[in-house]
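Q: For reference, the file upload-v8.cif (mmCIF, N, CA and C atoms) is included below:
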data_start
#
loop_
_atom_site.label_atom_id
_atom_site.label_comp_id
_atom_site.auth_asym_id
_atom_site.auth_seq_id
_atom_site.Cartn_x
_atom_site.Cartn_y
_atom_site.Cartn_z
N MET Q 30 -34.35 -16.20 -20.96
CA MET Q 30 -33.56 -17.34 -20.55
C MET Q 30 -32.64 -16.89 -19.41
N PHE Q 31 -32.58 -17.68 -18.37
CA PHE Q 31 -31.66 -17.44 -17.28
C PHE Q 31 -30.84 -18.69 -17.04
N ILE Q 32 -29.55 -18.52 -16.90
CA ILE Q 32 -28.67 -19.63 -16.59
C ILE Q 32 -27.96 -19.29 -15.29
N GLN Q 33 -28.12 -20.13 -14.31
CA GLN Q 33 -27.50 -19.89 -13.01
C GLN Q 33 -26.50 -20.99 -12.74
N VAL Q 34 -25.28 -20.61 -12.46
CA VAL Q 34 -24.24 -21.59 -12.19
C VAL Q 34 -23.85 -21.59 -10.72
N ARG Q 35 -23.96 -20.46 -10.06
CA ARG Q 35 -23.59 -20.35 -8.66
C ARG Q 35 -24.84 -20.01 -7.84
N ASP Q 36 -24.87 -20.40 -6.59
CA ASP Q 36 -26.02 -20.19 -5.74
C ASP Q 36 -25.94 -18.82 -5.06
N PHE Q 37 -26.78 -17.88 -5.50
CA PHE Q 37 -26.87 -16.55 -4.91
C PHE Q 37 -28.30 -16.31 -4.47
N SER Q 38 -28.48 -15.50 -3.44
CA SER Q 38 -29.84 -15.13 -3.06
C SER Q 38 -30.31 -14.00 -3.97
N PRO Q 39 -31.63 -13.89 -4.22
CA PRO Q 39 -32.15 -12.89 -5.15
C PRO Q 39 -31.74 -11.45 -4.87
N GLN Q 40 -31.58 -11.06 -3.62
CA GLN Q 40 -31.20 -9.68 -3.33
C GLN Q 40 -29.77 -9.36 -3.77
N GLU Q 41 -28.98 -10.37 -4.09
CA GLU Q 41 -27.61 -10.14 -4.52
C GLU Q 41 -27.49 -9.97 -6.04
N ILE Q 42 -28.53 -10.21 -6.78
CA ILE Q 42 -28.47 -10.16 -8.24
C ILE Q 42 -28.61 -8.73 -8.74
N ARG Q 43 -27.69 -8.34 -9.58
CA ARG Q 43 -27.77 -7.03 -10.25
C ARG Q 43 -27.97 -7.33 -11.73
N LEU Q 44 -29.07 -6.87 -12.29
CA LEU Q 44 -29.42 -7.15 -13.68
C LEU Q 44 -29.14 -5.94 -14.55
N VAL Q 45 -28.41 -6.16 -15.65
CA VAL Q 45 -28.15 -5.10 -16.62
C VAL Q 45 -28.84 -5.48 -17.92
N LEU Q 46 -29.82 -4.69 -18.31
CA LEU Q 46 -30.57 -4.96 -19.54
C LEU Q 46 -29.93 -4.31 -20.76
N TRP Q 47 -29.21 -3.22 -20.57
CA TRP Q 47 -28.60 -2.48 -21.67
C TRP Q 47 -27.09 -2.72 -21.66
N GLY Q 48 -26.70 -3.90 -22.09
CA GLY Q 48 -25.30 -4.30 -22.04
C GLY Q 48 -24.36 -3.44 -22.84
N ASP Q 49 -24.84 -2.90 -23.99
CA ASP Q 49 -24.00 -2.04 -24.81
C ASP Q 49 -23.54 -0.81 -24.03
N SER Q 50 -24.48 -0.15 -23.38
CA SER Q 50 -24.16 1.06 -22.62
C SER Q 50 -23.25 0.73 -21.45
N TYR Q 51 -23.50 -0.39 -20.79
CA TYR Q 51 -22.66 -0.80 -19.68
C TYR Q 51 -21.24 -1.07 -20.16
N PHE Q 52 -21.11 -1.78 -21.26
CA PHE Q 52 -19.79 -2.09 -21.83
C PHE Q 52 -19.03 -0.81 -22.15
N ASP Q 53 -19.69 0.13 -22.79
CA ASP Q 53 -19.03 1.36 -23.24
C ASP Q 53 -18.38 2.12 -22.09
N THR Q 54 -18.93 2.01 -20.89
CA THR Q 54 -18.40 2.80 -19.77
C THR Q 54 -17.72 1.97 -18.68
N HIS Q 55 -17.88 0.64 -18.68
CA HIS Q 55 -17.34 -0.17 -17.58
C HIS Q 55 -16.41 -1.31 -17.98
N THR Q 56 -16.32 -1.63 -19.24
CA THR Q 56 -15.57 -2.82 -19.65
C THR Q 56 -14.44 -2.44 -20.62
N TYR Q 57 -13.28 -3.06 -20.40
CA TYR Q 57 -12.13 -2.86 -21.29
C TYR Q 57 -11.75 -4.20 -21.89
N LEU Q 58 -11.05 -4.15 -23.00
CA LEU Q 58 -10.59 -5.37 -23.66
C LEU Q 58 -9.38 -5.91 -22.92
N LEU Q 59 -9.31 -7.22 -22.81
CA LEU Q 59 -8.19 -7.89 -22.16
C LEU Q 59 -7.39 -8.65 -23.22
N THR Q 60 -6.18 -9.04 -22.86
CA THR Q 60 -5.32 -9.74 -23.82
C THR Q 60 -5.36 -11.25 -23.69
N ASP Q 61 -6.19 -11.80 -22.81
CA ASP Q 61 -6.18 -13.26 -22.63
C ASP Q 61 -6.78 -13.97 -23.84
N THR Q 62 -6.53 -15.27 -23.92
CA THR Q 62 -6.94 -16.03 -25.10
C THR Q 62 -8.45 -16.14 -25.25
N LEU Q 63 -9.19 -16.14 -24.15
CA LEU Q 63 -10.64 -16.19 -24.25
C LEU Q 63 -11.18 -14.94 -24.92
N VAL Q 64 -10.71 -13.79 -24.50
CA VAL Q 64 -11.16 -12.51 -25.08
C VAL Q 64 -10.74 -12.40 -26.55
N THR Q 65 -9.50 -12.71 -26.85
CA THR Q 65 -9.07 -12.61 -28.25
C THR Q 65 -9.81 -13.62 -29.12
N GLY Q 66 -10.15 -14.77 -28.54
CA GLY Q 66 -10.95 -15.76 -29.28
C GLY Q 66 -12.35 -15.27 -29.57
N ILE Q 67 -12.98 -14.61 -28.60
CA ILE Q 67 -14.31 -14.04 -28.80
C ILE Q 67 -14.27 -12.94 -29.86
N LEU Q 68 -13.27 -12.06 -29.74
CA LEU Q 68 -13.15 -10.98 -30.74
C LEU Q 68 -13.11 -11.55 -32.15
N TRP Q 69 -12.30 -12.60 -32.33
CA TRP Q 69 -12.15 -13.18 -33.67
C TRP Q 69 -13.38 -13.98 -34.09
N ALA Q 70 -13.90 -14.83 -33.20
CA ALA Q 70 -15.01 -15.71 -33.55
C ALA Q 70 -16.30 -14.95 -33.85
N VAL Q 71 -16.56 -13.91 -33.12
CA VAL Q 71 -17.84 -13.20 -33.28
C VAL Q 71 -17.73 -12.03 -34.26
N ASP Q 72 -16.67 -11.24 -34.17
CA ASP Q 72 -16.57 -10.02 -34.99
C ASP Q 72 -15.43 -10.04 -36.02
N LYS Q 73 -14.68 -11.11 -36.06
CA LYS Q 73 -13.50 -11.17 -36.95
C LYS Q 73 -12.59 -9.97 -36.68
N ALA Q 74 -12.45 -9.64 -35.41
CA ALA Q 74 -11.62 -8.51 -34.98
C ALA Q 74 -10.41 -9.04 -34.22
N LYS Q 75 -9.38 -8.20 -34.15
CA LYS Q 75 -8.16 -8.54 -33.41
C LYS Q 75 -7.92 -7.49 -32.34
N TYR Q 76 -7.43 -7.96 -31.19
CA TYR Q 76 -7.11 -7.07 -30.08
C TYR Q 76 -6.03 -6.07 -30.51
N ASN Q 77 -6.19 -4.81 -30.13
CA ASN Q 77 -5.17 -3.79 -30.35
C ASN Q 77 -4.65 -3.27 -29.00
N ASN Q 78 -5.56 -2.77 -28.18
CA ASN Q 78 -5.25 -2.37 -26.81
C ASN Q 78 -6.53 -2.40 -25.99
N LYS Q 79 -6.50 -1.97 -24.74
CA LYS Q 79 -7.69 -2.11 -23.89
C LYS Q 79 -8.90 -1.30 -24.38
N ASN Q 80 -8.66 -0.33 -25.24
CA ASN Q 80 -9.74 0.52 -25.74
C ASN Q 80 -10.04 0.36 -27.22
N SER Q 81 -9.28 -0.48 -27.94
CA SER Q 81 -9.51 -0.57 -29.38
C SER Q 81 -9.20 -1.95 -29.94
N PHE Q 82 -9.72 -2.19 -31.13
CA PHE Q 82 -9.50 -3.44 -31.83
C PHE Q 82 -9.20 -3.13 -33.29
N ILE Q 83 -8.64 -4.11 -33.99
CA ILE Q 83 -8.35 -3.96 -35.41
C ILE Q 83 -9.51 -4.56 -36.19
N SER Q 84 -10.09 -3.77 -37.06
CA SER Q 84 -11.26 -4.17 -37.83
C SER Q 84 -10.97 -5.31 -38.78
N ARG Q 85 -12.02 -6.01 -39.17
CA ARG Q 85 -11.89 -7.06 -40.19
C ARG Q 85 -11.63 -6.46 -41.57
N VAL Q 86 -11.89 -5.17 -41.73
CA VAL Q 86 -11.67 -4.49 -43.00
C VAL Q 86 -10.36 -3.71 -42.91
N PRO Q 87 -9.33 -4.14 -43.62
CA PRO Q 87 -8.01 -3.50 -43.51
C PRO Q 87 -8.01 -1.98 -43.73
N LYS Q 88 -8.84 -1.49 -44.64
CA LYS Q 88 -8.87 -0.05 -44.91
C LYS Q 88 -9.37 0.75 -43.71
N ILE Q 89 -10.19 0.13 -42.88
CA ILE Q 89 -10.73 0.83 -41.70
C ILE Q 89 -9.69 0.91 -40.60
N GLY Q 90 -8.95 -0.17 -40.40
CA GLY Q 90 -7.89 -0.17 -39.39
C GLY Q 90 -8.41 -0.33 -37.98
N THR Q 91 -7.93 0.50 -37.07
CA THR Q 91 -8.25 0.40 -35.65
C THR Q 91 -9.52 1.17 -35.32
N LEU Q 92 -10.39 0.54 -34.50
CA LEU Q 92 -11.64 1.16 -34.07
C LEU Q 92 -11.75 1.13 -32.55
N ASN Q 93 -12.51 2.07 -32.01
CA ASN Q 93 -12.79 2.09 -30.58
C ASN Q 93 -13.60 0.85 -30.21
N LYS Q 94 -13.38 0.33 -29.01
CA LYS Q 94 -14.06 -0.87 -28.54
C LYS Q 94 -15.59 -0.74 -28.57
N ASN Q 95 -16.10 0.47 -28.51
CA ASN Q 95 -17.55 0.69 -28.51
C ASN Q 95 -18.20 0.29 -29.83
N TYR Q 96 -17.40 0.05 -30.88
CA TYR Q 96 -17.94 -0.36 -32.18
C TYR Q 96 -18.04 -1.88 -32.34
N LEU Q 97 -17.71 -2.63 -31.31
CA LEU Q 97 -17.89 -4.08 -31.36
C LEU Q 97 -19.38 -4.40 -31.40
N SER Q 98 -19.71 -5.60 -31.84
CA SER Q 98 -21.11 -6.01 -31.91
C SER Q 98 -21.69 -6.17 -30.50
N SER Q 99 -23.01 -6.12 -30.41
CA SER Q 99 -23.68 -6.30 -29.12
C SER Q 99 -23.38 -7.67 -28.53
N GLY Q 100 -23.28 -8.68 -29.37
CA GLY Q 100 -22.97 -10.02 -28.88
C GLY Q 100 -21.60 -10.09 -28.24
N THR Q 101 -20.60 -9.51 -28.90
CA THR Q 101 -19.25 -9.49 -28.34
C THR Q 101 -19.23 -8.71 -27.04
N LYS Q 102 -19.89 -7.56 -27.02
CA LYS Q 102 -19.94 -6.75 -25.80
C LYS Q 102 -20.56 -7.54 -24.65
N THR Q 103 -21.64 -8.26 -24.93
CA THR Q 103 -22.30 -9.04 -23.88
C THR Q 103 -21.38 -10.12 -23.33
N LEU Q 104 -20.71 -10.86 -24.22
CA LEU Q 104 -19.79 -11.90 -23.77
C LEU Q 104 -18.67 -11.32 -22.92
N LEU Q 105 -18.11 -10.19 -23.34
CA LEU Q 105 -17.02 -9.57 -22.60
C LEU Q 105 -17.51 -8.99 -21.27
N ASN Q 106 -18.74 -8.49 -21.24
CA ASN Q 106 -19.32 -8.04 -19.97
C ASN Q 106 -19.42 -9.20 -18.99
N ILE Q 107 -19.89 -10.34 -19.47
CA ILE Q 107 -20.06 -11.52 -18.61
C ILE Q 107 -18.72 -11.96 -18.04
N ILE Q 108 -17.69 -11.95 -18.87
CA ILE Q 108 -16.35 -12.36 -18.42
C ILE Q 108 -15.79 -11.37 -17.40
N ASN Q 109 -15.92 -10.08 -17.68
CA ASN Q 109 -15.31 -9.06 -16.84
C ASN Q 109 -16.10 -8.72 -15.58
N HIS Q 110 -17.38 -9.04 -15.57
CA HIS Q 110 -18.24 -8.68 -14.43
C HIS Q 110 -19.11 -9.88 -14.06
N PRO Q 111 -18.51 -10.95 -13.54
CA PRO Q 111 -19.25 -12.18 -13.28
C PRO Q 111 -20.30 -12.07 -12.17
N ASP Q 112 -20.27 -11.00 -11.41
CA ASP Q 112 -21.24 -10.80 -10.33
C ASP Q 112 -22.52 -10.12 -10.82
N ILE Q 113 -22.59 -9.79 -12.11
CA ILE Q 113 -23.73 -9.09 -12.67
C ILE Q 113 -24.42 -9.99 -13.70
N CYS Q 114 -25.74 -9.93 -13.74
CA CYS Q 114 -26.54 -10.68 -14.71
C CYS Q 114 -26.78 -9.78 -15.92
N PHE Q 115 -26.33 -10.23 -17.10
CA PHE Q 115 -26.50 -9.45 -18.33
C PHE Q 115 -27.52 -10.13 -19.25
N SER Q 116 -28.36 -9.32 -19.86
CA SER Q 116 -29.31 -9.85 -20.83
C SER Q 116 -28.55 -10.32 -22.07
N ILE Q 117 -28.92 -11.49 -22.60
CA ILE Q 117 -28.31 -11.98 -23.83
C ILE Q 117 -29.25 -11.83 -25.02
N GLU Q 118 -30.29 -11.03 -24.83
CA GLU Q 118 -31.31 -10.83 -25.85
C GLU Q 118 -30.75 -10.27 -27.15
N THR Q 119 -29.73 -9.45 -27.09
CA THR Q 119 -29.19 -8.82 -28.31
C THR Q 119 -28.07 -9.63 -28.96
N CYS Q 120 -27.77 -10.80 -28.41
CA CYS Q 120 -26.70 -11.63 -28.99
C CYS Q 120 -27.19 -12.32 -30.26
N GLY Q 121 -26.36 -12.28 -31.29
CA GLY Q 121 -26.65 -13.03 -32.50
C GLY Q 121 -26.27 -14.49 -32.31
N GLY Q 122 -26.58 -15.30 -33.30
CA GLY Q 122 -26.30 -16.73 -33.23
C GLY Q 122 -24.84 -17.06 -33.02
N ASN Q 123 -23.95 -16.31 -33.66
CA ASN Q 123 -22.51 -16.59 -33.51
C ASN Q 123 -22.04 -16.34 -32.08
N ALA Q 124 -22.57 -15.31 -31.44
CA ALA Q 124 -22.20 -15.03 -30.05
C ALA Q 124 -22.83 -16.07 -29.12
N LEU Q 125 -24.09 -16.43 -29.38
CA LEU Q 125 -24.75 -17.42 -28.53
C LEU Q 125 -24.05 -18.78 -28.61
N ASP Q 126 -23.60 -19.16 -29.80
CA ASP Q 126 -22.86 -20.41 -29.93
C ASP Q 126 -21.60 -20.37 -29.07
N PHE Q 127 -20.88 -19.28 -29.13
CA PHE Q 127 -19.65 -19.14 -28.36
C PHE Q 127 -19.97 -19.13 -26.87
N PHE Q 128 -21.02 -18.45 -26.52
CA PHE Q 128 -21.46 -18.35 -25.13
C PHE Q 128 -21.77 -19.73 -24.57
N LEU Q 129 -22.52 -20.52 -25.29
CA LEU Q 129 -22.94 -21.83 -24.80
C LEU Q 129 -21.79 -22.82 -24.69
N ILE Q 130 -20.76 -22.65 -25.49
CA ILE Q 130 -19.65 -23.60 -25.49
C ILE Q 130 -18.51 -23.17 -24.57
N CYS Q 131 -18.18 -21.90 -24.56
CA CYS Q 131 -16.89 -21.48 -23.97
C CYS Q 131 -16.93 -20.62 -22.72
N ILE Q 132 -18.02 -20.01 -22.37
CA ILE Q 132 -18.01 -19.03 -21.30
C ILE Q 132 -18.29 -19.66 -19.93
N PRO Q 133 -17.40 -19.42 -18.96
CA PRO Q 133 -17.68 -19.88 -17.59
C PRO Q 133 -18.64 -18.90 -16.93
N VAL Q 134 -19.93 -19.16 -17.04
CA VAL Q 134 -20.97 -18.21 -16.63
C VAL Q 134 -21.25 -18.26 -15.14
N ILE Q 135 -21.39 -17.11 -14.56
CA ILE Q 135 -21.89 -17.01 -13.20
C ILE Q 135 -23.41 -16.83 -13.29
N TYR Q 136 -23.85 -15.80 -13.98
CA TYR Q 136 -25.26 -15.55 -14.25
C TYR Q 136 -25.39 -14.95 -15.64
N CYS Q 137 -26.47 -15.23 -16.31
CA CYS Q 137 -26.80 -14.51 -17.52
C CYS Q 137 -28.29 -14.64 -17.74
N GLY Q 138 -28.91 -13.61 -18.23
CA GLY Q 138 -30.34 -13.66 -18.45
C GLY Q 138 -30.74 -12.94 -19.69
N GLY Q 139 -31.98 -13.10 -20.07
CA GLY Q 139 -32.49 -12.42 -21.25
C GLY Q 139 -33.96 -12.46 -21.31
#
Could I get this file's structure written as structure tokens?

A:
Amino acid sequence: MFIQVRDFSPQEIRLVLWGDSYFDTHTYLLTDTLVTGILWAVDKAKYNNKNSFISRVPKIGTLNKNYLSSGTKTLLNIINHPDICFSIETCGGNALDFFLICIPVIYCGG
């Protein structure tokens, strides 16, 4: 599936198929309401800082951002890097629902 919202020529498209790996090295958590909403809606997580979140399990506490679900990582990649096309193939239903309703997409593919 490809969703195009802005008109770009094909040579300008950069496609990332492995969103998890890209997220781990290029994306940080932000404090805005869209990001905190995604964290809660998809992973039942709360923002802690740019590199960590608070787990849904109180005994676990704070975890590195790399432990977020693939769906959350994909949504955050799309928000933080709107000039790149990310595969949504690894998104679960909860992330896809959020994606279809709330994300101002530039490009996304799968």

Q: To test your reading of the syntax: which residues would the PyMOL selection byres (((chain Q and resi 55-65 and name CA) around 8) and name CA) return for the file shown? Reply as a PyMOL selection string.

A: chain Q and resi 51-54+66-69+75-76+78-81+94+105-106+109

Q: Enter the distance from atom CA of Arg43 of chain Q to atom CA of His110 of chain Q, in Å, rounded to one decimal.

A: 10.5 Å

Q: Would you kindly return, as number ranges by chain, each protein, DNA or RNA residue with an atom no farther than 7 Å from any atom of segment 101-104 of chain Q, considering only N, CA and C atoms and excluding same-chain residues fewer than 5 positions away?

A: Q: 48-49, 52, 67-68, 71-72, 109, 115-117, 120-121, 124, 128

Q: DSSP on the backbone, strand (DSSP E) only: what residues of segment 72-125 of chain Q does that give? Format it as a VMD selection string.

A: chain Q and resid 75 to 78 81 to 83 91 to 93 113 to 115

Q: Those residues with N, CA and C atoms, as a compact mmCIF listing (two decimals), in the coordinates of the input please?

A:
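Result went into again-v7.txt, see below:
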# COMPACT_ATOMS: atom_id res chain seq x y z
N LYS Q 75 -9.38 -8.20 -34.15
CA LYS Q 75 -8.16 -8.54 -33.41
C LYS Q 75 -7.92 -7.49 -32.34
N TYR Q 76 -7.43 -7.96 -31.19
CA TYR Q 76 -7.11 -7.07 -30.08
C TYR Q 76 -6.03 -6.07 -30.51
N ASN Q 77 -6.19 -4.81 -30.13
CA ASN Q 77 -5.17 -3.79 -30.35
C ASN Q 77 -4.65 -3.27 -29.00
N ASN Q 78 -5.56 -2.77 -28.18
CA ASN Q 78 -5.25 -2.37 -26.81
C ASN Q 78 -6.53 -2.40 -25.99
N SER Q 81 -9.28 -0.48 -27.94
CA SER Q 81 -9.51 -0.57 -29.38
C SER Q 81 -9.20 -1.95 -29.94
N PHE Q 82 -9.72 -2.19 -31.13
CA PHE Q 82 -9.50 -3.44 -31.83
C PHE Q 82 -9.20 -3.13 -33.29
N ILE Q 83 -8.64 -4.11 -33.99
CA ILE Q 83 -8.35 -3.96 -35.41
C ILE Q 83 -9.51 -4.56 -36.19
N THR Q 91 -7.93 0.50 -37.07
CA THR Q 91 -8.25 0.40 -35.65
C THR Q 91 -9.52 1.17 -35.32
N LEU Q 92 -10.39 0.54 -34.50
CA LEU Q 92 -11.64 1.16 -34.07
C LEU Q 92 -11.75 1.13 -32.55
N ASN Q 93 -12.51 2.07 -32.01
CA ASN Q 93 -12.79 2.09 -30.58
C ASN Q 93 -13.60 0.85 -30.21
N ILE Q 113 -22.59 -9.79 -12.11
CA ILE Q 113 -23.73 -9.09 -12.67
C ILE Q 113 -24.42 -9.99 -13.70
N CYS Q 114 -25.74 -9.93 -13.74
CA CYS Q 114 -26.54 -10.68 -14.71
C CYS Q 114 -26.78 -9.78 -15.92
N PHE Q 115 -26.33 -10.23 -17.10
CA PHE Q 115 -26.50 -9.45 -18.33
C PHE Q 115 -27.52 -10.13 -19.25

Q: In Å, how far is it from atom N of Leu92 of chain Q to atom N of Ala74 of chain Q?

A: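 Pair atom N of Leu92 of chain Q / atom N of Ala74 of chain Q returns 10.4 Å.
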
Q: How about completing segment 88-107 of chain Q with N, CA, C and O atoms and giving it to me as a compact mmCIF listing (two decimals), in the frame of the given file?

A:
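Okay, this is what ended up in result06.txt:
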# COMPACT_ATOMS: atom_id res chain seq x y z
N LYS Q 88 -8.84 -1.49 -44.64
CA LYS Q 88 -8.87 -0.05 -44.91
C LYS Q 88 -9.37 0.75 -43.71
O LYS Q 88 -9.01 1.90 -43.54
N ILE Q 89 -10.19 0.13 -42.88
CA ILE Q 89 -10.73 0.83 -41.70
C ILE Q 89 -9.69 0.91 -40.60
O ILE Q 89 -9.56 1.92 -39.92
N GLY Q 90 -8.95 -0.17 -40.40
CA GLY Q 90 -7.89 -0.17 -39.39
C GLY Q 90 -8.41 -0.33 -37.98
O GLY Q 90 -9.26 -1.16 -37.71
N THR Q 91 -7.93 0.50 -37.07
CA THR Q 91 -8.25 0.40 -35.65
C THR Q 91 -9.52 1.17 -35.32
O THR Q 91 -9.71 2.29 -35.77
N LEU Q 92 -10.39 0.54 -34.50
CA LEU Q 92 -11.64 1.16 -34.07
C LEU Q 92 -11.75 1.13 -32.55
O LEU Q 92 -11.20 0.24 -31.89
N ASN Q 93 -12.51 2.07 -32.01
CA ASN Q 93 -12.79 2.09 -30.58
C ASN Q 93 -13.60 0.85 -30.21
O ASN Q 93 -14.44 0.39 -30.99
N LYS Q 94 -13.38 0.33 -29.01
CA LYS Q 94 -14.06 -0.87 -28.54
C LYS Q 94 -15.59 -0.74 -28.57
O LYS Q 94 -16.30 -1.74 -28.68
N ASN Q 95 -16.10 0.47 -28.51
CA ASN Q 95 -17.55 0.69 -28.51
C ASN Q 95 -18.20 0.29 -29.83
O ASN Q 95 -19.43 0.19 -29.90
N TYR Q 96 -17.40 0.05 -30.88
CA TYR Q 96 -17.94 -0.36 -32.18
C TYR Q 96 -18.04 -1.88 -32.34
O TYR Q 96 -18.43 -2.36 -33.40
N LEU Q 97 -17.71 -2.63 -31.31
CA LEU Q 97 -17.89 -4.08 -31.36
C LEU Q 97 -19.38 -4.40 -31.40
O LEU Q 97 -20.22 -3.59 -31.00
N SER Q 98 -19.71 -5.60 -31.84
CA SER Q 98 -21.11 -6.01 -31.91
C SER Q 98 -21.69 -6.17 -30.50
O SER Q 98 -20.96 -6.35 -29.52
N SER Q 99 -23.01 -6.12 -30.41
CA SER Q 99 -23.68 -6.30 -29.12
C SER Q 99 -23.38 -7.67 -28.53
O SER Q 99 -23.23 -7.81 -27.31
N GLY Q 100 -23.28 -8.68 -29.37
CA GLY Q 100 -22.97 -10.02 -28.88
C GLY Q 100 -21.60 -10.09 -28.24
O GLY Q 100 -21.43 -10.67 -27.16
N THR Q 101 -20.60 -9.51 -28.90
CA THR Q 101 -19.25 -9.49 -28.34
C THR Q 101 -19.23 -8.71 -27.04
O THR Q 101 -18.64 -9.14 -26.05
N LYS Q 102 -19.89 -7.56 -27.02
CA LYS Q 102 -19.94 -6.75 -25.80
C LYS Q 102 -20.56 -7.54 -24.65
O LYS Q 102 -20.08 -7.50 -23.51
N THR Q 103 -21.64 -8.26 -24.93
CA THR Q 103 -22.30 -9.04 -23.88
C THR Q 103 -21.38 -10.12 -23.33
O THR Q 103 -21.25 -10.28 -22.11
N LEU Q 104 -20.71 -10.86 -24.22
CA LEU Q 104 -19.79 -11.90 -23.77
C LEU Q 104 -18.67 -11.32 -22.92
O LEU Q 104 -18.32 -11.86 -21.87
N LEU Q 105 -18.11 -10.19 -23.34
CA LEU Q 105 -17.02 -9.57 -22.60
C LEU Q 105 -17.51 -8.99 -21.27
O LEU Q 105 -16.78 -9.02 -20.27
N ASN Q 106 -18.74 -8.49 -21.24
CA ASN Q 106 -19.32 -8.04 -19.97
C ASN Q 106 -19.42 -9.20 -18.99
O ASN Q 106 -19.08 -9.07 -17.81
N ILE Q 107 -19.89 -10.34 -19.47
CA ILE Q 107 -20.06 -11.52 -18.61
C ILE Q 107 -18.72 -11.96 -18.04
O ILE Q 107 -18.61 -12.29 -16.86
